[in-house]
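This is target_33.cif. It holds mmCIF, C-alpha atoms and all ligand atoms.
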```cif
data_structure
#
loop_
_atom_site.label_atom_id
_atom_site.label_comp_id
_atom_site.auth_asym_id
_atom_site.auth_seq_id
_atom_site.Cartn_x
_atom_site.Cartn_y
_atom_site.Cartn_z
CA MET A 1 -28.55 9.39 -9.02
CA THR A 2 -27.11 9.39 -12.56
CA GLY A 3 -23.58 10.15 -13.65
CA LYS A 4 -24.86 13.21 -15.56
CA LEU A 5 -25.70 15.34 -12.53
CA PRO A 6 -22.99 17.73 -11.38
CA PHE A 7 -20.80 16.30 -8.65
CA GLU A 8 -22.09 16.82 -5.16
CA ALA A 9 -20.55 15.44 -2.00
CA LEU A 10 -22.81 13.09 -0.06
CA SER A 11 -23.52 13.59 3.62
CA VAL A 12 -25.06 11.44 6.33
CA GLU A 13 -28.22 13.51 5.94
CA THR A 14 -28.51 13.36 2.14
CA LEU A 15 -27.30 9.86 1.33
CA ALA A 16 -30.63 8.06 1.66
CA THR A 17 -32.44 10.60 -0.50
CA ARG A 18 -29.76 10.65 -3.14
CA LEU A 19 -29.13 6.89 -3.32
CA GLY A 20 -32.60 5.67 -2.33
CA ALA A 21 -33.37 4.63 -5.91
CA ASN A 22 -30.01 3.04 -6.61
CA GLU A 23 -30.87 -0.50 -7.64
CA ALA A 24 -27.50 -2.03 -6.73
CA LEU A 25 -27.59 -0.56 -3.23
CA CYS A 26 -31.27 -1.35 -2.62
CA SER A 27 -30.88 -4.94 -3.76
CA HIS A 28 -28.11 -5.47 -1.22
CA ILE A 29 -29.43 -3.63 1.82
CA GLY A 30 -33.20 -3.28 1.29
CA ARG A 31 -35.42 -0.68 -0.37
CA ASP A 32 -37.02 0.87 2.69
CA THR A 33 -34.85 3.97 3.12
CA THR A 34 -36.63 4.88 6.35
CA ARG A 35 -34.77 1.93 7.86
CA TRP A 36 -31.35 2.94 6.51
CA LYS A 37 -28.75 3.94 9.06
CA VAL A 38 -25.85 5.95 7.67
CA ARG A 39 -22.48 6.57 9.32
CA GLU A 40 -19.46 8.38 7.91
CA VAL A 41 -16.37 6.43 8.93
CA GLY A 42 -13.63 7.70 6.61
CA ASP A 43 -10.40 7.96 8.55
CA GLY A 44 -8.07 8.05 5.54
CA ASN A 45 -6.45 11.13 4.09
CA LEU A 46 -8.56 11.65 0.99
CA ASN A 47 -12.18 10.49 0.80
CA LEU A 48 -15.62 10.14 2.33
CA VAL A 49 -16.57 6.62 3.41
CA PHE A 50 -20.10 5.78 4.54
CA ILE A 51 -21.45 2.57 6.00
CA VAL A 52 -25.12 2.21 5.08
CA GLU A 53 -27.15 -0.38 6.94
CA GLY A 54 -30.63 -1.38 5.80
CA ALA A 55 -33.16 -4.03 6.75
CA GLN A 56 -31.45 -6.69 4.61
CA GLY A 57 -27.79 -5.87 4.96
CA ALA A 58 -25.08 -3.25 4.72
CA ALA A 59 -22.82 -1.71 2.11
CA VAL A 60 -20.01 0.80 1.89
CA VAL A 61 -20.33 3.96 -0.18
CA LYS A 62 -16.98 5.55 -0.88
CA GLN A 63 -16.87 8.97 -2.53
CA ALA A 64 -13.89 11.01 -3.63
CA LEU A 65 -13.80 14.69 -2.76
CA PRO A 66 -12.39 17.31 -5.12
CA TYR A 67 -9.62 18.05 -2.63
CA VAL A 68 -7.32 16.29 -0.14
CA ARG A 69 -9.45 15.71 2.94
CA LEU A 70 -6.43 15.74 5.26
CA VAL A 71 -5.42 19.22 4.13
CA GLY A 72 -8.64 20.84 2.91
CA ASP A 73 -9.72 22.62 -0.27
CA SER A 74 -6.41 24.48 -0.52
CA TRP A 75 -5.13 21.22 -2.09
CA PRO A 76 -7.43 20.31 -5.01
CA LEU A 77 -7.37 16.69 -6.17
CA PRO A 78 -9.29 15.34 -9.18
CA LEU A 79 -12.33 13.14 -8.71
CA LYS A 80 -11.04 10.77 -11.38
CA ARG A 81 -9.09 8.90 -8.71
CA SER A 82 -12.35 7.07 -8.08
CA PHE A 83 -12.30 5.86 -11.71
CA PHE A 84 -8.79 4.47 -11.22
CA GLU A 85 -9.77 2.82 -7.96
CA TYR A 86 -12.75 1.16 -9.59
CA HIS A 87 -10.69 -0.14 -12.53
CA ALA A 88 -7.89 -1.30 -10.24
CA LEU A 89 -10.35 -3.21 -8.05
CA THR A 90 -11.82 -5.02 -11.05
CA ARG A 91 -8.36 -6.06 -12.24
CA GLN A 92 -7.25 -7.13 -8.76
CA GLU A 93 -10.36 -9.27 -8.38
CA ALA A 94 -9.68 -10.94 -11.74
CA ARG A 95 -6.00 -11.54 -10.96
CA ALA A 96 -6.32 -12.47 -7.27
CA PRO A 97 -9.93 -13.61 -6.79
CA GLY A 98 -11.44 -12.95 -3.38
CA SER A 99 -8.75 -10.48 -2.32
CA VAL A 100 -10.74 -7.22 -2.61
CA PRO A 101 -14.27 -6.11 -1.68
CA ALA A 102 -17.02 -6.93 -4.20
CA ILE A 103 -18.17 -3.92 -6.20
CA TYR A 104 -21.91 -3.31 -6.49
CA HIS A 105 -21.95 -0.04 -8.43
CA PHE A 106 -19.69 2.68 -9.83
CA ASP A 107 -20.81 6.23 -10.66
CA GLU A 108 -18.04 8.11 -12.41
CA GLY A 109 -19.74 11.53 -12.32
CA GLN A 110 -20.35 11.37 -8.59
CA ALA A 111 -16.95 9.69 -8.05
CA LEU A 112 -18.52 7.02 -5.91
CA ILE A 113 -18.14 3.30 -5.55
CA ILE A 114 -20.72 1.19 -3.74
CA MET A 115 -19.11 -1.96 -2.44
CA GLU A 116 -19.22 -4.84 -0.03
CA TYR A 117 -19.24 -3.96 3.66
CA LEU A 118 -16.49 -6.05 5.21
CA SER A 119 -17.56 -7.13 8.68
CA PRO A 120 -16.24 -7.95 11.25
CA HIS A 121 -13.01 -6.89 9.51
CA ILE A 122 -10.88 -4.12 10.95
CA ILE A 123 -7.94 -2.20 9.50
CA LEU A 124 -4.74 -4.26 9.79
CA ARG A 125 -2.80 -1.29 11.21
CA ARG A 126 -5.20 -1.08 14.14
CA ALA A 127 -4.85 -4.80 14.84
CA LEU A 128 -1.05 -4.54 14.84
CA ILE A 129 -1.16 -1.57 17.22
CA GLU A 130 -3.39 -3.62 19.53
CA GLY A 131 -0.80 -6.39 19.46
CA ARG A 132 -2.91 -8.94 17.60
CA GLN A 133 -1.09 -11.73 15.80
CA LEU A 134 -2.96 -12.61 12.63
CA PRO A 135 -2.06 -16.07 11.36
CA ASN A 136 -2.81 -15.58 7.64
CA ILE A 137 -1.70 -12.12 6.65
CA ALA A 138 1.74 -13.05 5.33
CA ARG A 139 0.34 -15.78 3.10
CA ASP A 140 -2.66 -13.75 1.91
CA ILE A 141 -0.75 -10.56 1.16
CA GLY A 142 2.22 -12.41 -0.33
CA LEU A 143 -0.12 -14.23 -2.72
CA PHE A 144 -2.02 -11.03 -3.54
CA MET A 145 1.17 -9.19 -4.44
CA ALA A 146 2.63 -12.01 -6.53
CA ARG A 147 -0.60 -12.60 -8.44
CA THR A 148 -1.53 -8.99 -9.15
CA LEU A 149 2.02 -7.88 -9.91
CA PHE A 150 2.84 -10.85 -12.16
CA ARG A 151 -0.49 -11.03 -13.95
CA GLY A 152 -0.60 -7.27 -14.57
CA SER A 153 2.72 -7.28 -16.41
CA ASP A 154 4.16 -8.12 -19.83
CA LEU A 155 5.26 -11.41 -18.30
CA HIS A 156 1.66 -12.56 -18.51
CA MET A 157 -0.66 -10.19 -20.39
CA ALA A 158 -1.07 -9.86 -24.12
CA THR A 159 1.03 -6.80 -24.78
CA ARG A 160 -1.81 -5.02 -26.62
CA ASP A 161 -3.96 -5.31 -23.48
CA ARG A 162 -1.15 -4.24 -21.20
CA LYS A 163 -0.39 -1.21 -23.34
CA ALA A 164 -4.06 -0.21 -23.33
CA ASP A 165 -4.09 -0.52 -19.55
CA LEU A 166 -0.86 1.40 -19.27
CA ALA A 167 -2.47 4.24 -21.24
CA LEU A 168 -5.60 4.12 -19.07
CA PHE A 169 -3.74 4.37 -15.77
CA ALA A 170 -1.15 6.84 -17.09
CA ASP A 171 -3.71 9.56 -16.45
CA ASN A 172 -3.55 9.01 -12.69
CA VAL A 173 -1.03 11.85 -12.68
CA GLU A 174 -2.05 13.71 -9.54
CA LEU A 175 -1.97 10.65 -7.30
CA CYS A 176 1.45 9.68 -8.65
CA ASP A 177 2.53 13.25 -8.01
CA ILE A 178 1.57 12.84 -4.34
CA THR A 179 3.78 9.75 -4.04
CA GLU A 180 6.60 11.31 -6.05
CA ASN A 181 6.75 14.28 -3.70
CA LEU A 182 5.65 12.89 -0.36
CA VAL A 183 7.64 9.65 -0.49
CA PHE A 184 10.76 10.44 -2.48
CA SER A 185 11.52 14.13 -1.99
CA ASP A 186 9.76 15.99 0.83
CA PRO A 187 11.28 14.00 3.73
CA TYR A 188 14.75 15.07 2.61
CA PHE A 189 14.33 18.84 2.73
CA ASP A 190 12.36 21.37 4.69
CA ALA A 191 9.13 20.92 2.68
CA LYS A 192 6.18 23.05 3.73
CA MET A 193 3.86 20.34 5.04
CA ASN A 194 6.50 18.21 6.76
CA ARG A 195 6.34 17.64 10.48
CA HIS A 196 8.21 15.46 12.95
CA THR A 197 8.38 14.86 16.68
CA SER A 198 10.25 17.95 17.80
CA PRO A 199 12.60 18.82 19.37
CA GLN A 200 13.51 15.18 20.07
CA LEU A 201 14.17 14.28 16.43
CA ASP A 202 15.60 17.61 15.26
CA GLY A 203 19.18 16.30 15.32
CA ILE A 204 18.57 13.13 13.34
CA VAL A 205 16.33 14.98 10.89
CA ALA A 206 19.14 17.46 10.16
CA GLU A 207 21.54 14.54 9.75
CA LEU A 208 19.29 12.77 7.24
CA ARG A 209 18.69 15.94 5.25
CA GLY A 210 22.43 16.45 5.02
CA ASP A 211 23.05 12.86 3.99
CA ARG A 212 24.15 13.05 0.35
CA ASP A 213 24.17 9.27 -0.20
CA LEU A 214 20.62 9.01 1.11
CA LYS A 215 19.33 11.87 -1.03
CA VAL A 216 20.93 10.45 -4.17
CA GLU A 217 19.46 7.03 -3.39
CA ALA A 218 15.99 8.47 -2.80
CA GLN A 219 16.14 10.17 -6.20
CA ARG A 220 17.35 6.98 -7.90
CA LEU A 221 14.36 5.24 -6.36
CA LYS A 222 12.06 8.03 -7.54
CA HIS A 223 13.48 7.55 -11.03
CA ILE A 224 12.75 3.80 -10.86
CA PHE A 225 9.25 4.54 -9.59
CA ALA A 226 8.48 7.01 -12.36
CA ALA A 227 10.18 5.33 -15.30
CA ASN A 228 9.60 1.58 -14.84
CA ALA A 229 6.07 0.86 -15.98
CA GLU A 230 6.32 -2.86 -15.29
CA THR A 231 2.96 -3.72 -13.84
CA LEU A 232 -0.28 -2.41 -12.42
CA LEU A 233 0.52 -1.49 -8.82
CA HIS A 234 -1.89 -1.11 -5.96
CA GLY A 235 0.17 2.03 -5.36
CA ASP A 236 -0.59 2.54 -1.66
CA LEU A 237 -0.28 -0.91 -0.11
CA HIS A 238 0.28 -0.06 3.54
CA SER A 239 -1.31 -1.64 6.60
CA GLY A 240 -4.10 0.99 6.51
CA SER A 241 -5.12 -0.36 3.08
CA ILE A 242 -5.75 -3.87 4.34
CA MET A 243 -8.73 -5.19 6.28
CA ILE A 244 -8.54 -8.35 8.32
CA THR A 245 -10.27 -10.84 10.55
CA ASP A 246 -8.39 -13.73 12.16
CA SER A 247 -9.00 -15.76 9.03
CA GLU A 248 -9.54 -13.29 6.18
CA THR A 249 -7.50 -10.58 4.47
CA ARG A 250 -8.80 -8.04 1.94
CA MET A 251 -6.95 -5.26 0.19
CA ILE A 252 -8.78 -1.95 -0.22
CA ASP A 253 -8.21 1.59 -1.54
CA PRO A 254 -6.16 1.18 -4.74
CA GLU A 255 -6.80 4.74 -5.91
CA PHE A 256 -3.04 5.27 -6.36
CA ALA A 257 -2.96 2.46 -8.93
CA PHE A 258 -0.69 2.96 -11.93
CA TYR A 259 1.94 1.12 -13.93
CA GLY A 260 5.16 1.11 -11.95
CA PRO A 261 7.92 -1.16 -10.65
CA ILE A 262 6.97 -4.54 -9.13
CA ALA A 263 9.12 -3.79 -6.09
CA PHE A 264 7.14 -0.73 -5.03
CA ASP A 265 4.08 -2.46 -3.53
CA VAL A 266 6.30 -5.06 -1.84
CA GLY A 267 8.59 -2.44 -0.33
CA MET A 268 5.78 -0.23 0.93
CA LEU A 269 4.05 -3.20 2.53
CA LEU A 270 7.14 -4.59 4.26
CA ALA A 271 8.06 -1.09 5.47
CA ASN A 272 4.75 -0.97 7.29
CA PHE A 273 5.49 -4.25 9.07
CA TRP A 274 8.89 -2.93 10.09
CA MET A 275 7.32 0.30 11.35
CA ALA A 276 4.81 -1.75 13.32
CA PHE A 277 7.83 -3.57 14.80
CA PHE A 278 9.62 -0.37 15.86
CA SER A 279 6.44 1.14 17.29
CA GLN A 280 5.62 -1.78 19.61
CA ARG A 281 7.77 -0.34 22.41
CA GLY A 282 5.31 2.54 22.57
CA HIS A 283 2.36 0.21 23.11
CA GLU A 284 3.57 -1.77 26.12
CA GLN A 285 1.26 -0.23 28.76
CA ASN A 286 -0.50 -3.55 29.20
CA GLY A 287 2.53 -5.81 28.99
CA LYS A 288 5.67 -6.46 27.02
CA ARG A 289 5.40 -6.91 23.29
CA ASP A 290 8.39 -9.25 22.77
CA ALA A 291 6.24 -11.94 21.19
CA MET A 292 4.56 -9.38 18.95
CA ARG A 293 7.93 -8.09 17.81
CA ALA A 294 9.08 -11.62 16.97
CA TYR A 295 5.79 -12.22 15.16
CA LEU A 296 6.19 -9.09 13.03
CA LEU A 297 9.68 -10.07 11.92
CA ASP A 298 8.39 -13.56 11.10
CA VAL A 299 5.63 -11.93 9.04
CA THR A 300 8.20 -10.08 6.92
CA VAL A 301 10.09 -13.33 6.31
CA GLU A 302 6.97 -15.25 5.38
CA THR A 303 5.49 -12.48 3.22
CA TRP A 304 8.70 -12.23 1.18
CA SER A 305 8.95 -16.01 0.94
CA VAL A 306 5.31 -16.46 -0.18
CA PHE A 307 5.71 -13.63 -2.69
CA ARG A 308 8.89 -15.20 -4.15
CA THR A 309 7.46 -18.69 -4.26
CA GLU A 310 4.18 -17.67 -5.91
CA PHE A 311 5.90 -15.30 -8.34
CA SER A 312 8.27 -18.13 -9.31
CA HIS A 313 5.35 -20.53 -9.70
CA LEU A 314 3.55 -18.08 -12.00
CA TRP A 315 6.78 -17.52 -13.92
CA ARG A 316 6.96 -21.25 -14.63
CA THR A 317 3.28 -21.80 -15.36
CA GLU A 318 1.77 -18.53 -16.67
CA ARG A 319 4.57 -16.80 -18.55
CA THR A 320 2.46 -16.11 -21.60
CA GLY A 321 3.41 -12.49 -22.29
CA MET A 322 6.02 -11.12 -24.65
CA LEU A 323 8.82 -11.02 -22.05
CA TYR A 324 11.21 -13.97 -21.64
CA GLN A 325 9.12 -16.02 -24.05
CA LYS A 326 9.06 -19.76 -23.55
CA SER A 327 10.05 -20.09 -27.22
CA LEU A 328 13.50 -18.84 -26.23
CA PHE A 329 13.87 -21.07 -23.20
CA GLU A 330 11.65 -24.03 -22.26
CA ASP A 331 10.64 -24.75 -25.86
CA GLN A 332 14.31 -25.20 -26.68
CA GLY A 333 14.85 -27.44 -23.71
CA ASP A 334 16.54 -24.56 -21.84
CA ARG A 335 14.71 -24.57 -18.52
CA LEU A 336 17.82 -23.31 -16.77
CA GLY A 337 17.80 -20.18 -18.91
CA ALA A 338 14.31 -19.36 -17.71
CA GLU A 339 15.41 -19.97 -14.11
CA GLN A 340 18.43 -17.72 -14.59
CA ALA A 341 16.20 -14.90 -15.87
CA LEU A 342 13.81 -15.42 -12.95
CA ASP A 343 16.69 -15.15 -10.49
CA HIS A 344 17.78 -11.88 -12.08
CA MET A 345 14.29 -10.47 -11.90
CA LEU A 346 13.75 -11.49 -8.26
CA HIS A 347 17.13 -10.09 -7.32
CA LYS A 348 16.18 -6.73 -8.82
CA VAL A 349 12.81 -6.78 -7.03
CA TRP A 350 14.61 -7.56 -3.77
CA THR A 351 17.15 -4.76 -4.13
CA ASP A 352 14.61 -2.13 -5.16
CA MET A 353 12.10 -3.34 -2.57
CA LEU A 354 14.58 -2.53 0.22
CA GLY A 355 15.03 0.97 -1.15
CA PHE A 356 11.30 1.63 -1.40
CA ALA A 357 10.84 0.29 2.13
CA GLY A 358 13.52 2.62 3.47
CA VAL A 359 12.01 5.79 2.02
CA GLU A 360 8.47 4.74 3.03
CA VAL A 361 9.66 4.52 6.65
CA HIS A 362 11.18 8.00 6.40
CA ARG A 363 8.17 9.71 4.91
CA ARG A 364 5.82 8.34 7.61
CA ILE A 365 7.96 9.97 10.30
CA LEU A 366 9.23 13.10 8.56
CA GLY A 367 6.59 14.02 5.99
CA LEU A 368 2.94 15.05 5.89
CA ALA A 369 1.20 11.67 6.20
CA HIS A 370 2.25 9.98 9.42
CA ASN A 371 0.92 6.62 10.53
CA ALA A 372 -1.00 5.67 13.63
CA ASP A 373 1.61 3.11 14.72
CA PHE A 374 3.78 5.99 15.93
CA GLU A 375 1.18 8.76 16.19
CA THR A 376 -0.81 6.94 18.86
CA ILE A 377 2.19 6.86 21.20
CA ALA A 378 1.21 9.76 23.45
CA ASP A 379 4.54 10.14 25.27
CA ALA A 380 6.60 12.23 22.83
CA ASP A 381 9.97 11.04 24.20
CA LEU A 382 8.98 7.41 23.85
CA ARG A 383 7.54 8.06 20.38
CA ALA A 384 10.75 9.78 19.31
CA THR A 385 12.84 6.85 20.56
CA CYS A 386 10.79 4.44 18.45
CA GLU A 387 10.85 6.76 15.43
CA ALA A 388 14.60 7.37 15.63
CA LYS A 389 15.32 3.65 15.45
CA ALA A 390 13.02 3.32 12.46
CA LEU A 391 14.69 6.29 10.75
CA LYS A 392 18.15 4.71 11.16
CA PHE A 393 16.78 1.43 9.87
CA GLY A 394 15.24 3.12 6.83
CA ARG A 395 18.47 4.92 6.02
CA HIS A 396 20.51 1.72 6.28
CA ILE A 397 18.33 -0.40 4.02
CA ALA A 398 17.84 2.37 1.43
CA VAL A 399 21.52 3.23 1.10
CA ASN A 400 22.96 -0.29 1.47
CA ARG A 401 20.29 -2.15 -0.44
CA ARG A 402 22.71 -3.63 -2.99
CA GLN A 403 24.87 -5.08 -0.23
CA ILE A 404 22.07 -6.74 1.75
CA HIS A 405 21.41 -10.29 0.67
CA SER A 406 18.68 -11.76 2.85
CA ILE A 407 15.67 -10.80 4.87
CA ASP A 408 17.30 -12.38 7.92
CA GLU A 409 20.10 -9.82 7.56
CA VAL A 410 17.51 -7.02 7.50
CA ASN A 411 15.71 -8.40 10.54
CA THR A 412 18.94 -8.84 12.47
CA LEU A 413 19.58 -5.15 11.89
CA ALA A 414 16.02 -4.30 13.01
CA ALA A 415 16.46 -6.34 16.19
CA LEU A 416 19.84 -4.72 16.90
CA LEU A 417 18.43 -1.22 16.51
CA GLU A 418 15.40 -2.10 18.59
CA GLY A 419 17.74 -3.19 21.40
CA GLU A 420 19.52 0.18 21.41
CA ASN A 421 18.36 2.57 24.08
CA ARG A 422 19.63 5.90 22.89
CA ILE A 423 18.57 8.03 19.94
C1 LIG B 1 -2.13 13.66 0.75
S1 LIG B 1 -2.37 11.98 0.76
C2 LIG B 1 -1.22 11.37 1.85
C3 LIG B 1 -1.08 9.89 1.83
O1 LIG B 1 -2.33 9.28 2.09
C4 LIG B 1 -2.51 8.17 1.23
O2 LIG B 1 -2.96 7.05 1.91
C5 LIG B 1 -1.17 7.94 0.57
O3 LIG B 1 -0.35 7.08 1.34
C6 LIG B 1 -0.63 9.31 0.52
O4 LIG B 1 0.76 9.34 0.33
MG MG B 2 -5.99 5.13 1.13
#
```

For the structure just supplied, provide its representation as structure tokens.
Amino acid sequence: MTGKLPFEALSVETLATRLGANEALCSHIGRDTTRWKVREVGDGNLNLVFIVEGAQGAAVVKQALPYVRLVGDSWPLPLKRSFFEYHALTRQEARAPGSVPAIYHFDEGQALIIMEYLSPHIILRRALIEGRQLPNIARDIGLFMARTLFRGSDLHMATRDRKADLALFADNVELCDITENLVFSDPYFDAKMNRHTSPQLDGIVAELRGDRDLKVEAQRLKHIFAANAETLLHGDLHSGSIMITDSETRMIDPEFAFYGPIAFDVGMLLANFWMAFFSQRGHEQNGKRDAMRAYLLDVTVETWSVFRTEFSHLWRTERTGMLYQKSLFEDQGDRLGAEQALDHMLHKVWTDMLGFAGVEVHRRILGLAHNADFETIADADLRATCEAKALKFGRHIAVNRRQIHSIDEVNTLAALLEGENRI
């Protein structure tokens, strides 16, 4: 296949014929296509994902479709998201080595990326629903976020390179548009594709949509998201974008990558841990999940702590960009000045992170794209009870984010809400 052919979606039936001469794929899995086994395993909202197994190994072939898979061809979406995913993966690998799948081949015209098959990894969200406690995720994800977010910014990069990258990713307009609408606006009015557990949540949904402080805050956060091109974000760093084993963690799917605020990835990620926490009550058929709940809150504490510590370390050792130059601080013997600026920056990340986390929780319960943590709770009353607690939590941290000073405070609130038994 060459990039010059018109785009054509792959299928289980056509993949071997169409990619049988692809050198990168053949060299990883074997050339004998009669021995290839192809499965389509995409369970995300947007793309096709194939696992191709050959005599020598396996690989993943991910292909964008010209529309949103979740909705269908009534919602067109450009193929170029594959280009942004490819470029984001290469930068993430350079900035946080070993944190993403290896790329074997990219075909822009066919919007496909051939990459490492991660096995026996599973999606982190699934593991959390099953009640598995993974020992390394907080450290691995905290390091990934600090390294990619610091090293992709003007704190570290040569500003000419960062500006070129900013221009490259600025064209990821349609994927940003999805986030701008689905995360920051749709949950707060009667948007066409919204859905929620009804009638159980009707009352609280009406309350949130009438909540002026919340709506203003969501728009302030949208403004920060759209107008603060600080660093190259993953852009969709939820627990469905992370693959794990007991000892390994890899981030996948950065097709929403663009230059935005440092706090966005951190907030989205922590929101997904808090949603996992609130959903545990719905997964207690085989026993109580008290230990899992305690684990999840510990994970939020450790993730934030690892992120802060690594970001601070990089600030002290790799601050080579045009922001907060060492010539103004350390080179003049003013180490405290550099520490003061770091404190200011981390405080802003903290405050904005809470806001982004709050609206991410809301959109997964009120908007189009729900998450399996809640969706797999079959009993609608039980699901609504879990969701209502999460909605209250999201509202509190989004609106009060400037008055909340520690992650222990946030987790105390989560535990209090979790203990409540009425909606
Ligand atoms: C229409 S796409 C819906 C959601 O799926 C992706 O994973 C992103 O989270 C997006 O917001
Ligand atoms: Mg995705």

Restrict the calculation to all atoms listed in the file, then for each residue of chain A with any atom at most 10 Å from an atom of ligand MG 2 (chain B) give the closest atom pair and their distance in Å to one decimal, rows by chain and rising residue number, as a Markdown table.
```
| residue | atom | partner | partner_atom | distance |
| --- | --- | --- | --- | --- |
| A:Gly42 | CA | B:MG2 | MG | 9.7 |
| A:Asp43 | CA | B:MG2 | MG | 9.1 |
| A:Gly44 | CA | B:MG2 | MG | 5.7 |
| A:Asn45 | CA | B:MG2 | MG | 6.7 |
| A:Leu46 | CA | B:MG2 | MG | 7.0 |
| A:Asn47 | CA | B:MG2 | MG | 8.2 |
| A:Gly235 | CA | B:MG2 | MG | 9.5 |
| A:Asp236 | CA | B:MG2 | MG | 6.6 |
| A:Leu237 | CA | B:MG2 | MG | 8.4 |
| A:His238 | CA | B:MG2 | MG | 8.5 |
| A:Ser239 | CA | B:MG2 | MG | 9.9 |
| A:Gly240 | CA | B:MG2 | MG | 7.0 |
| A:Ser241 | CA | B:MG2 | MG | 5.9 |
| A:Ile242 | CA | B:MG2 | MG | 9.6 |
| A:Ile252 | CA | B:MG2 | MG | 7.7 |
| A:Asp253 | CA | B:MG2 | MG | 5.0 |
| A:Pro254 | CA | B:MG2 | MG | 7.1 |
| A:Glu255 | CA | B:MG2 | MG | 7.1 |
| A:Phe256 | CA | B:MG2 | MG | 8.1 |
```

Take every atom of range 23-27 of chain A listed in the file, pad by 6 Å on each side, and give me the axis-aligned box centre and edge lengths in Å, one decimal, as lines of an AutoDock Vina configuration file.
```
center_x = -29.4
center_y = -2.7
center_z = -5.1
size_x = 15.8
size_y = 16.4
size_z = 17.0
```

Which is closer to Pro120 in chain A than all the others in A:Leu342, A:Leu77, A:Ala369, A:Ala58, using all atoms listed in the file?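 Of A:Leu342, A:Leu77, A:Ala369, A:Ala58, the one nearest Pro120 in chain A, counting all atoms listed in the file, is A:Ala58.
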
Which is closer to ligand LIG 1 (chain B) than all the others in A:Leu70, A:Ile365, A:Leu221, A:Ile262, using all atoms listed in the file?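 Among the listed residues, A:Leu70 lies closest to ligand LIG 1 (chain B).
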
Nearest to Trp304 in chain A: which of A:Asp177, A:Asp107, A:Asp246, A:Asp140 is it, counting all atoms listed in the file?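 Answer, going by the shortest atom-to-atom distance: A:Asp140.
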
Separation of CA of Phe273 in chain A and CA of Leu124 in chain A, in Å?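 Value for the CA of Phe273 in chain A-CA of Leu124 in chain A distance: 10.3 Å.
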
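Excluding Ala167 in chain A itself and same-chain residues fewer than 3 positions from it, the residues having an atom within 12 Å of it are Phe84, Arg160, Asp161, Arg162, Lys163, Ala164, Ala170, Asp171, Asn172, Val173, Ala229, Leu232, Phe258 and Tyr259 of chain A, counting all atoms listed in the file.
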
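Separating CA of Arg139 in chain A from CA of Glu302 in chain A is a distance of 7.0 Å.
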
Neighbourhood query: residues within 12 Å of (20.5, 19.0, 10.6), file coordinates, counting all atoms listed in the file; return as JSON, numbers by chain. {"A": [188, 189, 190, 199, 201, 202, 203, 204, 205, 206, 207, 208, 209, 210, 211]}

Ranking A:Glu217, A:Glu360, A:Glu85, A:Asp298 by minimum distance to ligand LIG 1 (chain B) and counting all atoms listed in the file, which one comes first?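 Of A:Glu217, A:Glu360, A:Glu85, A:Asp298, the one nearest ligand LIG 1 (chain B), counting all atoms listed in the file, is A:Glu360.
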
Write out as a ChimeraX atom specification which residues come within 10 Å of Leu19 in chain A when counting all atoms listed in the file, dropping same-chain ones fewer than 2 positions away. /A:1-2,10,14-17,21-26,33,61

Spatial neighbours of Thr249 in chain A, 10 Å, all atoms listed in the file, chain gap at least 4 places, as an MDAnalysis selection string: chainID A and resid 98:100 121:124 134 136:141 144 242:245

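Remark: for Asn286 in chain A, the closest of the candidate residues A:Glu420, A:Glu130, A:Asp265, A:Glu330 is A:Glu130 (distances computed over only C-alpha atoms).
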
So what do you get for CA of Ile129 in chain A versus CA of Thr179 in chain A, distance-wise?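 It comes out at 24.6 Å.
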
Under the rule that only C-alpha atoms and all ligand atoms are counted, which of A:Ala388, A:Val349, A:Leu417, A:Val359 is the nearest residue to ligand LIG 1 (chain B)?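 Looking at the shortest contact to ligand LIG 1 (chain B), the residue is A:Val359.
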
Can you tell me which residues surround Ser11 in chain A at a distance of at most 10 Å, considering only C-alpha atoms, apart from same-chain residues fewer than 3 positions away, and format the answer as a list of chain:residue names?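 Here the answer would be A:Glu8, A:Thr14, A:Leu15, A:Ala16, A:Arg18, A:Val38, A:Arg39, A:Glu40, A:Leu48, A:Val49, A:Phe50.
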
Neighbour list for Leu79 in chain A as a PyMOL selection string, cut-off 9 Å, all atoms listed in the file, skip fewer than 4 positions in-chain: chain A and resi 63-67+83+108-111

Will you give me range 359-377 of chain A, written with C-alpha atoms and laid out as a short mmCIF file (atom, residue, chain, number, x, y, z; two decimals), in the first residue's frame?
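Heads up, here's the output in decode.cif:
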```cif
data_model
loop_
_atom_site.label_atom_id
_atom_site.label_comp_id
_atom_site.auth_asym_id
_atom_site.auth_seq_id
_atom_site.Cartn_x
_atom_site.Cartn_y
_atom_site.Cartn_z
CA VAL A 359 -15.96 18.82 34.22
CA GLU A 360 -14.48 15.53 32.96
CA VAL A 361 -16.54 13.70 35.61
CA HIS A 362 -19.68 15.53 34.49
CA ARG A 363 -19.30 14.88 30.80
CA ARG A 364 -18.82 11.11 31.33
CA ILE A 365 -22.19 10.93 33.10
CA LEU A 366 -24.21 13.60 31.29
CA GLY A 367 -22.77 13.82 27.78
CA LEU A 368 -22.35 11.61 24.73
CA ALA A 369 -19.25 9.61 25.68
CA HIS A 370 -19.88 7.70 28.88
CA ASN A 371 -17.34 5.40 30.48
CA ALA A 372 -17.54 1.72 31.24
CA ASP A 373 -16.90 2.23 34.96
CA PHE A 374 -20.52 3.36 35.31
CA GLU A 375 -22.01 1.92 32.12
CA THR A 376 -21.27 -1.67 33.13
CA ILE A 377 -23.37 -1.32 36.29
#
```
